[in-house]
>>> print(open('upload_32.cif').read())   # mmCIF, C-alpha atoms
data_final
loop_
_atom_site.label_atom_id
_atom_site.label_comp_id
_atom_site.auth_asym_id
_atom_site.auth_seq_id
_atom_site.Cartn_x
_atom_site.Cartn_y
_atom_site.Cartn_z
CA MET A 1 -17.86 -15.02 2.01
CA ASP A 2 -16.91 -15.39 5.69
CA LYS A 3 -17.89 -12.69 8.10
CA LEU A 4 -14.98 -10.26 7.98
CA THR A 5 -14.58 -6.95 9.77
CA LEU A 6 -12.62 -3.90 8.75
CA ARG A 7 -10.30 -4.48 11.69
CA GLU A 8 -9.57 -8.07 10.59
CA LEU A 9 -8.90 -6.97 7.02
CA ALA A 10 -6.97 -3.75 7.51
CA ILE A 11 -4.81 -4.22 10.60
CA PRO A 12 -2.77 -7.24 9.43
CA MET A 13 -2.15 -5.44 6.14
CA ILE A 14 -1.08 -2.22 7.87
CA LYS A 15 1.19 -4.11 10.24
CA SER A 16 2.86 -6.17 7.53
CA ILE A 17 3.26 -3.32 5.07
CA ASP A 18 5.05 -1.26 7.70
CA SER A 19 7.37 -4.16 8.45
CA PHE A 20 8.33 -4.73 4.80
CA ASN A 21 8.31 -1.10 3.57
CA TYR A 22 11.60 -0.48 1.74
CA LEU A 23 11.17 3.29 1.79
CA LEU A 24 9.97 3.95 5.33
CA LYS A 25 10.41 0.82 7.44
CA SER A 26 8.77 1.21 10.90
CA HIS A 27 8.16 4.95 10.47
CA HIS A 28 4.40 4.46 10.16
CA ARG A 29 4.24 2.25 13.24
CA ARG A 30 6.29 4.65 15.34
CA THR A 31 4.25 7.65 14.23
CA ALA A 32 1.04 5.76 15.03
CA VAL A 33 2.28 4.97 18.56
CA ILE A 34 3.16 8.64 19.19
CA ALA A 35 -0.18 9.81 17.80
CA TYR A 36 -2.02 7.28 19.96
CA HIS A 37 -0.42 8.56 23.17
CA ILE A 38 -1.22 12.17 22.26
CA GLY A 39 -4.77 11.28 21.29
CA MET A 40 -5.28 9.42 24.56
CA LYS A 41 -3.94 12.36 26.55
CA MET A 42 -6.42 14.61 24.73
CA GLY A 43 -9.31 12.27 25.51
CA LEU A 44 -10.32 11.68 21.90
CA PRO A 45 -13.47 9.57 21.46
CA LYS A 46 -12.98 5.98 20.33
CA GLU A 47 -13.88 6.51 16.68
CA SER A 48 -11.58 9.54 16.37
CA LEU A 49 -8.78 7.58 18.03
CA PHE A 50 -9.25 4.72 15.56
CA ASN A 51 -9.19 7.12 12.60
CA LEU A 52 -6.15 8.91 14.02
CA VAL A 53 -4.09 5.75 14.54
CA THR A 54 -5.11 4.26 11.18
CA ALA A 55 -4.24 7.50 9.36
CA ALA A 56 -0.90 7.67 11.19
CA ALA A 57 -0.19 4.07 10.20
CA LEU A 58 -0.74 4.96 6.52
CA HIS A 59 0.18 8.65 6.39
CA ASP A 60 3.10 8.47 3.95
CA ILE A 61 1.76 5.89 1.50
CA GLY A 62 1.71 8.65 -1.11
CA ALA A 63 5.53 8.84 -0.97
CA LEU A 64 6.41 6.95 -4.12
CA SER A 65 10.16 7.27 -4.54
CA VAL A 66 13.47 7.13 -2.73
CA GLN A 67 13.81 10.86 -3.38
CA GLU A 68 10.53 11.59 -1.60
CA ARG A 69 11.56 9.30 1.25
CA ASN A 70 14.82 11.18 1.65
CA MET A 71 12.94 14.47 1.75
CA LEU A 72 10.45 13.26 4.36
CA VAL A 73 13.11 12.14 6.81
CA GLN A 74 14.59 15.66 6.98
CA LYS A 75 13.66 17.82 9.98
CA ASP A 76 11.87 20.29 7.72
CA VAL A 77 9.91 19.04 4.73
CA GLU A 78 10.00 21.62 1.96
CA ASN A 79 7.30 20.31 -0.37
CA PRO A 80 4.95 17.75 1.13
CA LYS A 81 2.08 18.52 -1.26
CA PRO A 82 2.56 15.70 -3.78
CA HIS A 83 2.65 12.85 -1.28
CA CYS A 84 -0.16 14.35 0.82
CA VAL A 85 -2.62 14.53 -2.03
CA MET A 86 -1.46 11.25 -3.59
CA GLY A 87 -2.03 9.46 -0.28
CA GLN A 88 -5.46 11.04 0.08
CA ARG A 89 -6.49 10.02 -3.42
CA MET A 90 -5.19 6.49 -2.98
CA LEU A 91 -7.49 5.94 0.01
CA ALA A 92 -10.55 8.09 -0.70
CA SER A 93 -12.27 5.56 -2.97
CA PHE A 94 -12.57 3.08 -0.08
CA ALA A 95 -15.65 4.37 1.73
CA PRO A 96 -14.64 3.33 5.29
CA PHE A 97 -11.37 5.28 4.85
CA LYS A 98 -12.88 8.55 3.60
CA THR A 99 -12.27 10.40 6.89
CA ILE A 100 -8.83 8.81 7.18
CA SER A 101 -7.94 10.00 3.68
CA ASP A 102 -8.91 13.58 4.60
CA ILE A 103 -6.67 13.41 7.68
CA ILE A 104 -3.76 12.26 5.52
CA LYS A 105 -4.34 15.03 2.99
CA HIS A 106 -3.49 17.65 5.64
CA HIS A 107 -0.96 15.80 7.78
CA HIS A 108 1.80 18.37 7.09
CA ILE A 109 -0.40 21.42 7.74
CA LYS A 110 1.30 24.28 9.57
CA TYR A 111 -0.80 25.54 12.44
CA GLU A 112 -0.44 29.19 11.33
CA ASP A 113 -1.66 28.29 7.84
CA SER A 114 -4.66 26.40 9.19
CA LEU A 115 -5.89 29.59 10.89
CA ASN A 116 -6.68 31.01 7.46
CA MET A 117 -8.59 27.94 6.32
CA PRO A 118 -12.17 26.85 7.04
CA GLU A 119 -12.22 24.97 10.33
CA VAL A 120 -14.05 22.01 8.82
CA GLU A 121 -11.41 21.60 6.10
CA VAL A 122 -8.53 20.48 8.31
CA PRO A 123 -9.34 17.54 10.60
CA PHE A 124 -7.92 18.04 14.08
CA GLU A 125 -6.27 14.63 13.82
CA SER A 126 -4.07 16.02 11.03
CA HIS A 127 -2.37 18.35 13.52
CA ILE A 128 -1.66 15.39 15.81
CA ILE A 129 -0.09 13.34 13.01
CA HIS A 130 1.99 16.33 11.89
CA LEU A 131 3.51 16.60 15.34
CA ALA A 132 3.87 12.82 15.79
CA ASP A 133 5.57 12.48 12.41
CA ARG A 134 8.13 15.19 13.23
CA ILE A 135 8.81 13.70 16.67
CA ASP A 136 9.75 10.39 15.07
CA ILE A 137 12.02 12.11 12.54
CA LEU A 138 13.81 13.94 15.37
CA ILE A 139 14.53 10.72 17.30
CA SER A 140 17.95 9.33 16.46
CA PRO A 141 18.15 5.53 16.13
CA ASP A 142 21.79 5.72 17.23
CA GLU A 143 21.11 7.17 20.68
CA PHE A 144 19.22 5.67 23.61
CA ILE A 145 15.70 7.01 23.30
CA LEU A 146 15.21 8.05 26.94
CA ASN A 147 18.23 10.34 26.61
CA GLN A 148 16.42 12.24 23.86
CA LYS A 149 13.34 13.36 25.79
CA GLN A 150 14.59 16.86 26.55
CA PRO A 151 16.17 17.82 23.19
CA VAL A 152 13.25 16.49 21.13
CA THR A 153 10.69 18.27 23.33
CA ALA A 154 12.70 21.50 23.23
CA HIS A 155 12.95 21.41 19.43
CA ILE A 156 9.18 20.95 19.09
CA ARG A 157 8.43 23.63 21.71
CA ASP A 158 10.32 26.24 19.67
CA LYS A 159 7.86 25.81 16.80
CA VAL A 160 4.57 25.79 18.70
CA GLY A 161 2.09 28.37 17.44
CA ALA A 162 3.72 28.60 14.04
CA ILE A 163 4.28 25.01 12.89
CA PHE A 164 2.50 22.99 15.58
CA HIS A 165 -0.92 23.28 17.21
CA PRO A 166 -0.59 24.56 20.82
CA GLU A 167 -3.18 22.15 22.23
CA VAL A 168 -1.52 19.20 20.54
CA PHE A 169 1.85 20.24 21.92
CA ASP A 170 0.44 20.53 25.43
CA ALA A 171 -0.89 16.97 25.18
CA PHE A 172 2.45 15.72 23.84
CA ASP A 173 4.34 17.56 26.59
CA ALA A 174 2.16 15.91 29.24
CA ALA A 175 2.39 12.43 27.68
CA ALA A 176 6.15 12.70 27.12
CA LYS A 177 6.90 13.16 30.81
CA SER A 178 6.47 9.41 31.31
CA ASP A 179 9.13 7.00 30.14
CA ILE A 180 6.50 4.64 28.73
CA PHE A 181 5.67 7.16 25.99
CA TRP A 182 9.24 6.88 24.67
CA ILE A 183 9.74 3.19 25.36
CA GLU A 184 6.66 2.20 23.37
CA ILE A 185 7.78 4.18 20.32
CA ASN A 186 10.44 1.51 19.84
CA ASN A 187 8.55 -1.49 21.15
CA LEU A 188 4.75 -1.37 20.74
CA GLU A 189 3.61 -3.32 17.69
CA ILE A 190 0.74 -2.22 15.45
CA GLU A 191 -1.45 -5.19 16.36
CA GLN A 192 -1.00 -4.54 20.08
CA LEU A 193 -1.70 -0.86 19.51
CA PHE A 194 -5.03 -1.45 17.79
CA LYS A 195 -6.09 -3.89 20.50
CA ARG A 196 -6.01 -0.97 22.92
CA ILE A 197 -8.55 0.98 20.89
CA ASP A 198 -11.99 -0.18 21.91
CA PHE A 199 -13.64 0.87 18.68
CA SER A 200 -15.12 -2.12 16.91
CA ALA A 201 -15.18 -0.92 13.29
CA ASN A 202 -16.93 -4.24 12.95
CA PHE A 203 -19.41 -3.73 10.14
CA VAL A 204 -19.28 -6.77 7.88
CA LEU A 205 -17.45 -6.16 4.64
CA THR A 206 -19.14 -7.20 1.42
CA VAL A 207 -17.16 -8.80 -1.42
CA ASP A 208 -17.33 -5.52 -3.34
CA ARG A 209 -15.91 -3.58 -0.40
CA VAL A 210 -13.10 -6.09 -0.04
CA LEU A 211 -12.34 -5.51 -3.73
CA ASP A 212 -12.33 -1.75 -3.10
CA PHE A 213 -9.81 -2.26 -0.29
CA ALA A 214 -7.63 -4.51 -2.46
CA LEU A 215 -7.66 -1.82 -5.15
CA VAL A 216 -6.47 0.76 -2.61
CA MET A 217 -3.62 -1.55 -1.62
CA SER A 218 -2.59 -2.05 -5.24
CA ARG A 219 -2.08 1.69 -5.71
CA ILE A 220 0.60 1.69 -3.00
CA ILE A 221 2.76 -0.35 -5.37
CA ASP A 222 1.60 0.58 -8.85
CA PHE A 223 1.81 4.34 -8.35
CA ARG A 224 5.49 4.17 -7.38
CA SER A 225 6.42 4.13 -11.05
CA LYS A 226 4.79 5.62 -14.12
CA PHE A 227 5.63 2.33 -15.84
CA THR A 228 3.46 0.23 -13.49
CA VAL A 229 0.55 2.63 -12.95
CA SER A 230 -1.99 0.32 -14.56
CA HIS A 231 -0.34 -3.04 -13.88
CA SER A 232 -2.22 -4.58 -10.93
CA TYR A 233 -5.48 -3.03 -12.09
CA THR A 234 -5.03 -4.63 -15.51
CA VAL A 235 -3.98 -7.99 -14.03
CA ALA A 236 -7.06 -7.97 -11.79
CA HIS A 237 -9.51 -7.22 -14.58
CA LEU A 238 -7.84 -9.56 -17.06
CA ALA A 239 -7.94 -12.37 -14.52
CA ALA A 240 -11.65 -11.90 -13.88
CA LEU A 241 -12.31 -11.72 -17.63
CA ILE A 242 -10.29 -14.86 -18.41
CA GLY A 243 -11.98 -16.60 -15.49
CA SER A 244 -15.35 -15.86 -17.10
CA PHE A 245 -14.10 -17.37 -20.39
CA LEU A 246 -13.18 -20.51 -18.43
CA GLY A 247 -16.67 -20.72 -16.96
CA PHE A 248 -15.69 -19.85 -13.40
CA SER A 249 -18.43 -18.68 -11.02
CA GLU A 250 -18.97 -14.98 -10.39
CA GLU A 251 -17.55 -15.36 -6.89
CA LYS A 252 -14.40 -17.09 -8.17
CA CYS A 253 -13.93 -14.34 -10.76
CA LYS A 254 -14.13 -11.74 -8.00
CA LYS A 255 -11.53 -13.68 -6.03
CA LEU A 256 -9.29 -13.63 -9.11
CA MET A 257 -9.78 -9.88 -9.29
CA ALA A 258 -8.74 -9.48 -5.64
CA ALA A 259 -5.67 -11.67 -6.22
CA GLY A 260 -4.76 -9.56 -9.22
CA TYR A 261 -4.95 -6.37 -7.23
CA LEU A 262 -2.77 -7.84 -4.48
CA HIS A 263 -0.29 -10.02 -6.38
CA ASP A 264 2.54 -7.47 -6.37
CA ILE A 265 1.98 -5.97 -2.91
CA GLY A 266 5.30 -7.53 -1.88
CA LYS A 267 7.12 -5.06 -4.10
CA ILE A 268 6.77 -2.62 -1.22
CA GLY A 269 9.90 -4.35 0.09
CA ILE A 270 11.89 -3.90 -3.15
CA ASP A 271 14.15 -0.95 -3.97
CA PRO A 272 12.17 1.22 -6.46
CA GLY A 273 15.46 1.78 -8.28
CA ILE A 274 15.43 -1.87 -9.30
CA VAL A 275 11.82 -1.69 -10.48
CA GLU A 276 12.59 1.41 -12.59
CA LYS A 277 16.04 0.38 -13.83
CA ASN A 278 16.67 1.48 -17.41
CA GLY A 279 18.08 -1.80 -18.61
CA ALA A 280 18.27 -5.49 -17.89
CA LEU A 281 18.63 -6.51 -14.25
CA THR A 282 21.83 -8.08 -13.04
CA ASP A 283 21.60 -11.53 -11.48
CA GLU A 284 21.79 -9.94 -8.03
CA GLU A 285 19.05 -7.42 -8.86
CA PHE A 286 16.83 -10.15 -10.28
CA ASN A 287 17.30 -12.19 -7.12
CA GLN A 288 16.27 -9.13 -5.11
CA MET A 289 13.19 -8.71 -7.31
CA LYS A 290 12.24 -12.36 -6.79
CA LEU A 291 11.74 -11.64 -3.11
CA HIS A 292 8.51 -9.76 -3.88
CA THR A 293 6.50 -12.97 -4.19
CA TYR A 294 7.66 -14.12 -0.76
CA TYR A 295 6.85 -10.71 0.72
CA THR A 296 3.40 -10.85 -0.90
CA GLY A 297 2.73 -14.13 0.86
CA GLN A 298 3.96 -12.80 4.19
CA ILE A 299 1.89 -9.62 3.96
CA LEU A 300 -1.28 -11.50 3.05
CA ASN A 301 -0.67 -14.51 5.27
CA GLU A 302 -2.74 -13.35 8.23
CA LEU A 303 -5.79 -13.07 5.99
CA THR A 304 -5.75 -16.85 5.54
CA THR A 305 -7.65 -17.16 8.81
CA SER A 306 -10.59 -16.31 6.55
CA GLU A 307 -11.53 -19.31 4.41
CA TRP A 308 -12.65 -16.94 1.66
CA PHE A 309 -9.18 -15.41 1.37
CA ARG A 310 -7.09 -18.59 1.26
CA GLU A 311 -7.29 -19.10 -2.50
CA ILE A 312 -6.62 -15.40 -3.08
CA VAL A 313 -3.42 -15.52 -1.04
CA THR A 314 -2.27 -18.72 -2.76
CA TRP A 315 -2.86 -17.32 -6.24
CA ALA A 316 -1.17 -14.02 -5.42
CA GLU A 317 2.02 -15.46 -3.92
CA ARG A 318 2.41 -18.16 -6.61
CA HIS A 319 2.02 -16.02 -9.74
CA HIS A 320 5.66 -16.64 -10.75
CA GLU A 321 5.62 -20.42 -10.21
CA LYS A 322 5.99 -22.68 -13.28
CA PRO A 323 4.65 -26.22 -13.78
CA ASP A 324 8.16 -27.53 -14.52
CA GLY A 325 9.48 -26.38 -11.13
CA THR A 326 11.58 -23.47 -12.47
CA GLY A 327 9.44 -20.74 -10.91
CA TYR A 328 9.79 -18.93 -7.60
CA PRO A 329 9.78 -18.67 -4.63
CA TYR A 330 8.80 -22.31 -3.95
CA ALA A 331 9.86 -24.09 -7.20
CA LEU A 332 6.48 -25.83 -7.22
CA THR A 333 5.46 -28.33 -9.88
CA ASP A 334 2.20 -28.68 -11.74
CA GLU A 335 0.38 -30.79 -9.15
CA SER A 336 0.66 -27.86 -6.69
CA LEU A 337 -0.66 -25.25 -9.14
CA ASP A 338 -4.35 -24.78 -9.85
CA ASP A 339 -6.12 -22.94 -12.65
CA GLY A 340 -6.60 -19.79 -10.56
CA MET A 341 -2.83 -19.37 -10.17
CA LYS A 342 -2.32 -19.99 -13.89
CA VAL A 343 -4.90 -17.36 -14.78
CA ILE A 344 -3.12 -14.80 -12.59
CA ALA A 345 0.22 -15.81 -14.12
CA TYR A 346 -1.00 -15.27 -17.68
CA SER A 347 -2.74 -12.03 -16.75
CA ASP A 348 0.50 -10.78 -15.19
CA VAL A 349 2.59 -11.72 -18.24
CA ILE A 350 0.19 -10.22 -20.79
CA SER A 351 -0.13 -6.98 -18.82
CA ALA A 352 3.64 -6.67 -18.35
CA LEU A 353 4.51 -7.37 -21.99
CA MET A 354 2.05 -4.72 -23.22
CA GLU A 355 3.24 -2.02 -20.78
CA ASP A 356 6.07 0.43 -21.36
CA ARG A 357 9.19 -0.18 -19.32
CA PRO A 358 12.19 2.12 -18.78
CA TYR A 359 14.19 0.07 -21.29
CA ARG A 360 11.52 -0.74 -23.92
CA LYS A 361 8.16 0.23 -25.35
CA GLY A 362 5.18 -1.95 -24.62
CA GLY A 363 4.27 -4.48 -27.27
CA THR A 364 1.00 -5.14 -29.06
CA MET A 365 -1.31 -7.97 -28.10
CA GLU A 366 -0.01 -10.11 -30.96
CA GLU A 367 3.61 -9.44 -30.00
CA ALA A 368 2.85 -10.44 -26.42
CA PHE A 369 1.15 -13.64 -27.59
CA ASP A 370 4.13 -14.48 -29.87
CA ILE A 371 6.51 -14.21 -26.91
CA ILE A 372 4.31 -16.55 -24.87
CA ARG A 373 3.97 -19.07 -27.74
CA ASN A 374 7.73 -19.18 -28.27
CA SER A 375 8.81 -19.46 -24.65
CA LYS A 376 8.40 -21.61 -21.56
CA LEU A 377 5.42 -19.40 -20.65
CA LEU A 378 3.25 -21.51 -22.93
CA GLY A 379 3.88 -24.42 -20.56
CA ILE A 380 1.98 -22.71 -17.73
CA SER A 381 -1.15 -24.10 -19.38
CA PRO A 382 -1.49 -24.57 -23.17
CA THR A 383 -5.21 -25.15 -22.64
CA ILE A 384 -5.83 -21.87 -20.81
CA PHE A 385 -3.62 -19.97 -23.25
CA GLY A 386 -5.60 -21.43 -26.16
CA ILE A 387 -8.81 -20.03 -24.66
CA ILE A 388 -7.08 -16.67 -24.12
CA GLU A 389 -6.13 -16.60 -27.83
CA GLU A 390 -9.74 -17.28 -28.82
CA HIS A 391 -10.74 -14.08 -26.99
CA SER A 392 -7.84 -11.85 -28.03
CA GLU A 393 -10.06 -8.94 -29.11
CA GLU A 394 -11.85 -8.74 -25.76
CA ILE A 395 -8.56 -9.06 -23.91
CA ASN A 396 -6.90 -6.32 -25.96
CA ALA A 397 -9.86 -4.01 -25.36
CA MET A 398 -9.67 -4.70 -21.62
CA VAL A 399 -5.94 -3.90 -21.48
CA GLN A 400 -6.40 -0.61 -23.34
CA ASN A 401 -9.37 0.40 -21.19
CA CYS A 402 -7.56 -0.39 -17.91
CA ARG A 403 -4.52 1.56 -19.04
CA GLU A 404 -6.52 4.67 -19.86
CA ILE A 405 -8.46 4.59 -16.60
CA LYS A 406 -5.36 4.27 -14.43
CA TYR A 407 -3.19 6.78 -16.30
CA GLN A 408 -5.93 9.38 -15.95
CA GLU A 409 -6.20 8.63 -12.21
CA TYR A 410 -2.41 8.81 -11.80
CA ARG A 411 -2.18 12.14 -13.63
CA MET A 412 -4.89 13.57 -11.37
CA GLY A 413 -2.98 12.46 -8.30
CA ILE A 414 0.33 13.88 -9.47
CA ALA A 415 -1.23 17.19 -10.48
CA GLY A 416 -3.31 17.58 -7.33
CA GLU A 417 -2.72 20.10 -4.59
CA CYS A 418 -2.81 19.71 -0.83
CA SER A 419 -2.76 22.08 2.08
CA PRO A 420 0.29 24.34 2.47
CA ALA A 421 3.40 22.71 3.90
#
>>> encode(input="upload_32.cif", output="structure tokens")
Amino acid sequence: MDKLTLRELAIPMIKSIDSFNYLLKSHHRRTAVIAYHIGMKMGLPKESLFNLVTAAALHDIGALSVQERNMLVQKDVENPKPHCVMGQRMLASFAPFKTISDIIKHHHIKYEDSLNMPEVEVPFESHIIHLADRIDILISPDEFILNQKQPVTAHIRDKVGAIFHPEVFDAFDAAAKSDIFWIEINNLEIEQLFKRIDFSANFVLTVDRVLDFALVMSRIIDFRSKFTVSHSYTVAHLAALIGSFLGFSEEKCKKLMAAGYLHDIGKIGIDPGIVEKNGALTDEEFNQMKLHTYYTGQILNELTTSEWFREIVTWAERHHEKPDGTGYPYALTDESLDDGMKVIAYSDVISALMEDRPYRKGGTMEEAFDIIRNSKLLGISPTIFGIIEEHSEEINAMVQNCREIKYQEYRMGIAGECSPA
């Protein structure tokens, strides 16, 4: 694969996900800008500053529902434990983000509670993000931001020593005296922010590490609903398996796996209430759902500067296209669709038909195949589907194995505990 750095992989994804996030649009970016200014005022070393800003830019990814979103935007969060630990567990498996995941685990820690915990357990950056997060929540979008300097600072000051770390507050108080601190909360983009941090994070990512990162990204979507917990994971592994049946190279199969992990990332821009609706979607709701393929393409688009990623992005954003031109979002016809896209499409359909949904139980492998045989789905590629049918036992075993792995992981995340609120 091309030489690719962590910065080149992660920053476009972080930037785009914040822009499209249905639950918390721009909150991550704004919190990251605030944390950056505080970290700079404290003189944090470059690596710590990078970890701080990255953690701030991802800190609420464990918030999976509209209800959690509504709780987090209150001035006082009553029970942050579930989203803290879910966010930590989403990221911890990606080795370069291990420190970042630990910061996120404690990002709602009260200063007074941290005094009773081992010093090494709570990263100092967690205290900065806690304060930065609350500052952003206190800022009203309906009032000119420079008019809010005094009331926001006064509100935070009242809670120093109990809720907020005194040293962090002192740094915020010093940084907040300048107008630029407040102006950049509304105006500094993620990409510009990371360009200011002279920490290279430039070790070359292997294909396996890129797959680990794609898996982390898939959890942001799949874990929003108990009905989709295993979906992208199953699509990824089915795609790689089917690719092997078609005689694809090992590298192409790994690309299919990455595309499977990432194919639904655009659902971050869709109302979770539509995804979890207990019944058929209305025409309007279905049209809203169709946007997820476009969002997937937009989120992944900046990765196409890497030659290695171009096929992955194409397969991911086209997984609902149909050879007869009735698919979306581009209404492409067969000459624009390659076998990689068709493998992702079939993997997506098989996984979805065998999963439980709010309005139905998941079907068996044979039931899923019957639906494909008796619908326009067969037209995606009768040849590829014929090969899939020849390997039905292996495919069924893969679906069941993926489901068990992901449901166990999801249950661990939901049942986990994080530091006191």
>>> residues_around(input="upload_32.cif", residues="segment 256-261 of chain A", least_positions_apart="6", cutoff="9 Å", atoms="all atoms listed in the file", output="JSON, numbers by chain")
{"A": [210, 211, 212, 214, 215, 216, 217, 218, 219, 231, 232, 233, 234, 235, 236, 237, 238, 239, 240, 241, 243, 311, 312, 313, 314, 315, 316, 317, 340, 341, 343, 344, 347, 348]}
>>> residues_around(input="upload_32.cif", residues="Lys361 of chain A", least_positions_apart="5", cutoff="12 Å", atoms="all atoms listed in the file", output="list in words")
Phe227, Asn278, Ala352, Leu353, Met354, Glu355, Asp356, Glu367 and Ala368 of chain A
>>> resolve_selection(input="upload_32.cif", expression="the PyMOL selection byres ((chain A and resi 100) around 8)", output="PyMOL selection string")
chain A and resi 51-52+54-55+91+97-99+101-104
>>> residues_around(input="upload_32.cif", residues="segment 13-26 of chain A", least_positions_apart="2", cutoff="8 Å", atoms="all atoms listed in the file", output="count of residues only")
23
>>> atom_distance(input="upload_32.cif", atom1="atom CA of Arg157 of chain A", atom2="atom CA of Ile139 of chain A")
14.9 Å
>>> residues_around(input="upload_32.cif", residues="Gln192 of chain A", least_positions_apart="5", cutoff="12 Å", atoms="only C-alpha atoms", output="ChimeraX atom specification")
/A:11-12,15,29,32-33,36,184,187,197-198
>>> residues_around(input="upload_32.cif", residues="Arg310 of chain A", least_positions_apart="5", cutoff="10 Å", atoms="all atoms listed in the file", output="list in words")
Lys255, Leu300, Asn301, Glu302, Leu303, Thr304, Thr305 and Trp315 of chain A
>>> closest_residue(input="upload_32.cif", among="A:His107, A:Leu146, A:Val168, A:Arg7", to="Gly43 of chain A", atoms="only C-alpha atoms")
A:Val168
>>> atom_distance(input="upload_32.cif", atom1="atom CA of Leu337 of chain A", atom2="atom CA of Glu366 of chain A")
26.6 Å
>>> closest_atom_pairs(input="upload_32.cif", of="segment 203-289 of chain A", to="segment 79-83 of chain A", cutoff="12 Å", atoms="only C-alpha atoms", output="Markdown table")
| residue | atom | partner | partner_atom | distance |
| --- | --- | --- | --- | --- |
| A:Ile220 | CA | A:His83 | CA | 11.5 |
| A:Phe223 | CA | A:His83 | CA | 11.1 |
| A:Arg224 | CA | A:His83 | CA | 11.0 |
>>> closest_residue(input="upload_32.cif", among="A:Glu119, A:His27, A:His155, A:Cys84", to="Asp133 of chain A", atoms="all atoms listed in the file")
A:His27
>>> closest_residue(input="upload_32.cif", among="A:Ser230, A:Ser336, A:Thr31, A:Arg209", to="Ile137 of chain A", atoms="only C-alpha atoms")
A:Thr31
>>> resolve_selection(input="upload_32.cif", expression="the PyMOL selection byres ((chain A and resi 293) around 8)", output="list of chain:residue names")
A:His263, A:Asp264, A:Gly266, A:Lys267, A:Lys290, A:Leu291, A:His292, A:Tyr294, A:Tyr295, A:Thr296, A:Gly297, A:Ala316, A:Glu317, A:Arg318, A:His319, A:His320, A:Tyr328, A:Pro329
>>> atom_distance(input="upload_32.cif", atom1="atom CA of Thr364 of chain A", atom2="atom CA of Tyr410 of chain A")
22.5 Å
>>> closest_residue(input="upload_32.cif", among="A:Ser114, A:Thr326, A:Thr228, A:Ser306", to="Tyr407 of chain A", atoms="all atoms listed in the file")
A:Thr228
>>> closest_residue(input="upload_32.cif", among="A:Gly327, A:Gly39, A:Pro358, A:Gly363", to="Phe169 of chain A", atoms="only C-alpha atoms")
A:Gly39
>>> resolve_selection(input="upload_32.cif", expression="the PyMOL selection byres ((chain A and resi 173-183) around 8)", output="compact mmCIF listing (two decimals) with C-alpha atoms, in the frame of the given file")
# COMPACT_ATOMS: atom_id res chain seq x y z
CA ILE A 34 3.16 8.64 19.19
CA HIS A 37 -0.42 8.56 23.17
CA ILE A 38 -1.22 12.17 22.26
CA LYS A 41 -3.94 12.36 26.55
CA ILE A 145 15.70 7.01 23.30
CA LEU A 146 15.21 8.05 26.94
CA LYS A 149 13.34 13.36 25.79
CA THR A 153 10.69 18.27 23.33
CA PHE A 169 1.85 20.24 21.92
CA ASP A 170 0.44 20.53 25.43
CA ALA A 171 -0.89 16.97 25.18
CA PHE A 172 2.45 15.72 23.84
CA GLU A 184 6.66 2.20 23.37
CA ILE A 185 7.78 4.18 20.32
CA ASN A 186 10.44 1.51 19.84
CA ASN A 187 8.55 -1.49 21.15
